[in-house]
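This report concerns only the one structure given below.
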Amino acid sequence: MLEGIYKFLDNVFGPFIMAYHPMWTITVAGAIIGATYTLIYYFFTDVEKQRHMQKLAKELQKEMREAQKSGDEKKIKKVQQKQRELMKMQSELMQQQMVPMLLTLPIFWIFFGWLRRWYVEVGIVKAPFDFFLFDWFHKWQHSALPPDQLGYVGWYFLTSYAAGMILRKFLNMG
């Protein structure tokens, strides 16, 4: 089944991969996938509810510190009750956030399996010096690339993260 998906991806994106440098290919792919993940998350989660809960959590932390400083047991118990209610709300929100993750996880695994066929052990970008983050990605991927080069996984993560963060700012998601 995966082989059929990979052949489809080869037919659709193969010409692009053959025509451009791997850095540009992974940059475009990372930007598209990062933006797609961000949009799926945006449309399937209640961003306002999440902001509201973050605000409540900060307020409750402040209340708890004040109650503990004052030593007022009634106040402490009241804040603890509010914290339990907040935890219940956060649990509901986490369940809601599972939907985007379940939608994007198969895309991620299929996409990376396909990219691996093209770019395993290929240096996508080269730094003018040995960079510890590149080496960290190599160890994580069990790669033999030198520490001044970054492979497709590392470059993908950097570009998709950047694209996602820019889109999150644009959508006012945080």
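Chains: A, B, ... in order of the structure tokens. Residues: from 1 per chain. Ligands: from 1, in order shown.
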
Neighbours of A:Tyr42 within 9 Å (only C-alpha atoms; same-chain residues fewer than 2 positions away dropped), as a list in words? Tyr37, Thr38, Leu39, Ile40, Phe44, Thr45, Asp46, Val47, Pro100, Arg168, Leu171 and Met173 of chain A

Among stretch 3-150 of chain A, which residues does DSSP mark as strand (DSSP E) when it is run on the backbone? Keep the chain and numbering as in the structure and answer as a list in words. Val125, Lys126, Gln149 and Leu150 of chain A

Output file for the selection above: N, CA and C atoms, as an mmCIF file, in the first residue's frame:
```
data_model
loop_
_atom_site.group_PDB
_atom_site.id
_atom_site.type_symbol
_atom_site.label_atom_id
_atom_site.label_comp_id
_atom_site.auth_asym_id
_atom_site.auth_seq_id
_atom_site.Cartn_x
_atom_site.Cartn_y
_atom_site.Cartn_z
ATOM 1 N N VAL A 125 21.948 21.060 3.686
ATOM 2 C CA VAL A 125 22.598 22.365 3.867
ATOM 3 C C VAL A 125 23.958 22.145 4.521
ATOM 4 N N LYS A 126 24.862 23.069 4.220
ATOM 5 C CA LYS A 126 26.221 22.977 4.767
ATOM 6 C C LYS A 126 26.531 24.283 5.482
ATOM 7 N N GLN A 149 27.068 19.536 8.140
ATOM 8 C CA GLN A 149 25.975 19.350 7.188
ATOM 9 C C GLN A 149 24.721 18.885 7.914
ATOM 10 N N LEU A 150 23.591 19.297 7.383
ATOM 11 C CA LEU A 150 22.310 18.902 7.954
ATOM 12 C C LEU A 150 21.528 18.140 6.902
#
```

In terms of the shortest atom-to-atom distance over only C-alpha atoms, which of A:Gln96, A:Leu115, A:Lys49, A:Pro106 is closest to A:Ile17?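 Going through A:Gln96, A:Leu115, A:Lys49, A:Pro106 one by one, the smallest distance to A:Ile17 is for A:Leu115.
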
In Å to one decimal, how far is atom CA of A:Asn172 from atom CA of A:Tyr156? 23.6 Å

Report as a compact mmCIF listing (two decimals) with C-alpha atoms, in the first residue's frame: the residues of stretch 41-170 of chain A with a DSSP assignment of helix (DSSP H, G or I), based on the backbone of this structure.
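Below is the file that was written, selection.txt:
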```
# COMPACT_ATOMS: atom_id res chain seq x y z
CA TYR A 41 -4.63 22.67 14.42
CA TYR A 42 -6.24 26.10 14.04
CA PHE A 43 -9.49 24.76 12.60
CA PHE A 44 -9.82 21.74 14.91
CA VAL A 47 -7.79 28.65 20.35
CA GLU A 48 -9.77 31.16 22.42
CA LYS A 49 -10.61 28.51 25.01
CA GLN A 50 -6.94 27.58 25.19
CA ARG A 51 -5.93 31.22 25.75
CA HIS A 52 -8.60 31.58 28.41
CA MET A 53 -7.33 28.51 30.27
CA GLN A 54 -3.74 29.75 30.14
CA LYS A 55 -4.87 33.03 31.62
CA LEU A 56 -6.85 31.21 34.34
CA ALA A 57 -3.85 29.04 35.18
CA LYS A 58 -1.64 32.10 35.67
CA GLU A 59 -4.26 33.76 37.85
CA LEU A 60 -4.65 30.61 39.95
CA GLN A 61 -0.89 30.34 40.44
CA LYS A 62 -0.83 33.92 41.67
CA GLU A 63 -3.82 33.29 43.96
CA MET A 64 -2.17 30.17 45.38
CA ARG A 65 1.08 32.01 46.13
CA GLU A 66 -0.86 34.74 47.93
CA ALA A 67 -2.94 32.21 49.87
CA GLN A 68 0.17 30.28 50.91
CA LYS A 69 1.92 33.47 51.99
CA SER A 70 -1.06 34.46 54.11
CA GLU A 73 -6.29 27.41 54.90
CA LYS A 74 -9.79 28.29 53.63
CA LYS A 75 -8.33 30.34 50.82
CA ILE A 76 -5.85 27.57 49.94
CA LYS A 77 -8.64 24.96 49.74
CA LYS A 78 -10.75 27.31 47.61
CA VAL A 79 -7.87 27.80 45.15
CA GLN A 80 -7.18 24.06 45.10
CA GLN A 81 -10.83 23.45 44.15
CA LYS A 82 -10.51 25.98 41.31
CA GLN A 83 -7.32 24.21 40.18
CA ARG A 84 -9.17 20.86 40.03
CA GLU A 85 -11.87 22.44 37.86
CA LEU A 86 -9.21 23.94 35.60
CA MET A 87 -7.50 20.55 35.28
CA LYS A 88 -10.83 19.03 34.19
CA MET A 89 -11.20 21.74 31.52
CA GLN A 90 -7.60 21.20 30.38
CA SER A 91 -8.25 17.47 30.07
CA GLU A 92 -11.21 18.18 27.76
CA LEU A 93 -9.04 20.51 25.68
CA MET A 94 -6.31 17.86 25.40
CA GLN A 95 -8.88 15.40 24.06
CA GLN A 96 -9.92 18.01 21.51
CA GLN A 97 -6.26 18.43 20.46
CA MET A 98 -5.96 14.72 19.71
CA VAL A 99 -8.00 15.15 16.51
CA PRO A 100 -5.39 17.30 14.71
CA MET A 101 -2.63 15.00 15.88
CA LEU A 102 -4.44 11.91 14.59
CA LEU A 103 -5.01 13.67 11.26
CA THR A 104 -1.41 14.81 10.82
CA LEU A 105 0.54 11.84 12.15
CA PRO A 106 -0.11 9.56 9.13
CA ILE A 107 0.84 12.41 6.78
CA PHE A 108 4.08 12.85 8.72
CA TRP A 109 5.08 9.17 8.62
CA ILE A 110 4.18 8.67 4.97
CA PHE A 111 5.94 11.88 3.94
CA PHE A 112 9.14 11.02 5.82
CA GLY A 113 9.21 7.48 4.54
CA TRP A 114 8.93 8.83 1.02
CA LEU A 115 11.58 11.55 1.52
CA ARG A 116 13.96 9.00 2.96
CA ARG A 117 13.98 7.23 -0.38
CA TRP A 118 15.29 10.38 -2.05
CA TYR A 119 17.49 12.00 0.59
CA PHE A 132 26.39 21.14 17.52
CA LEU A 133 22.69 21.06 16.54
CA PHE A 134 23.55 19.38 13.25
CA ASP A 135 25.53 16.77 15.13
CA TRP A 136 22.59 16.26 17.50
CA PHE A 137 20.29 15.54 14.53
CA HIS A 138 22.87 13.11 13.14
CA LYS A 139 23.05 11.18 16.39
CA TRP A 140 19.26 11.11 16.61
CA GLN A 141 19.01 9.80 13.05
CA TYR A 152 16.58 16.25 5.24
CA VAL A 153 15.04 15.57 8.67
CA GLY A 154 16.83 18.43 10.42
CA TRP A 155 16.27 20.90 7.59
CA TYR A 156 12.60 19.87 7.36
CA PHE A 157 12.07 20.45 11.09
CA LEU A 158 13.69 23.88 10.93
CA THR A 159 11.70 25.03 7.89
CA SER A 160 8.36 23.57 8.97
CA TYR A 161 8.80 25.04 12.45
CA ALA A 162 9.57 28.47 10.99
CA ALA A 163 6.60 28.32 8.61
CA GLY A 164 4.30 27.16 11.41
CA MET A 165 5.46 29.93 13.75
CA ILE A 166 4.97 32.62 11.10
CA LEU A 167 1.48 31.34 10.33
CA ARG A 168 0.64 31.09 14.04
CA LYS A 169 1.59 34.77 14.45
CA PHE A 170 -0.47 35.69 11.39
```

Please measure the separation of atom CA of A:Ser143 and atom CA of A:Glu121, giving the value in Å to one decimal.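 That distance, rounded to one decimal, is 6.6 Å.
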
Got a sec: who's within 10 Å of A:Phe13, counting only C-alpha atoms, leaving out chain neighbours fewer than 5 positions off, as a count of residues only? 5
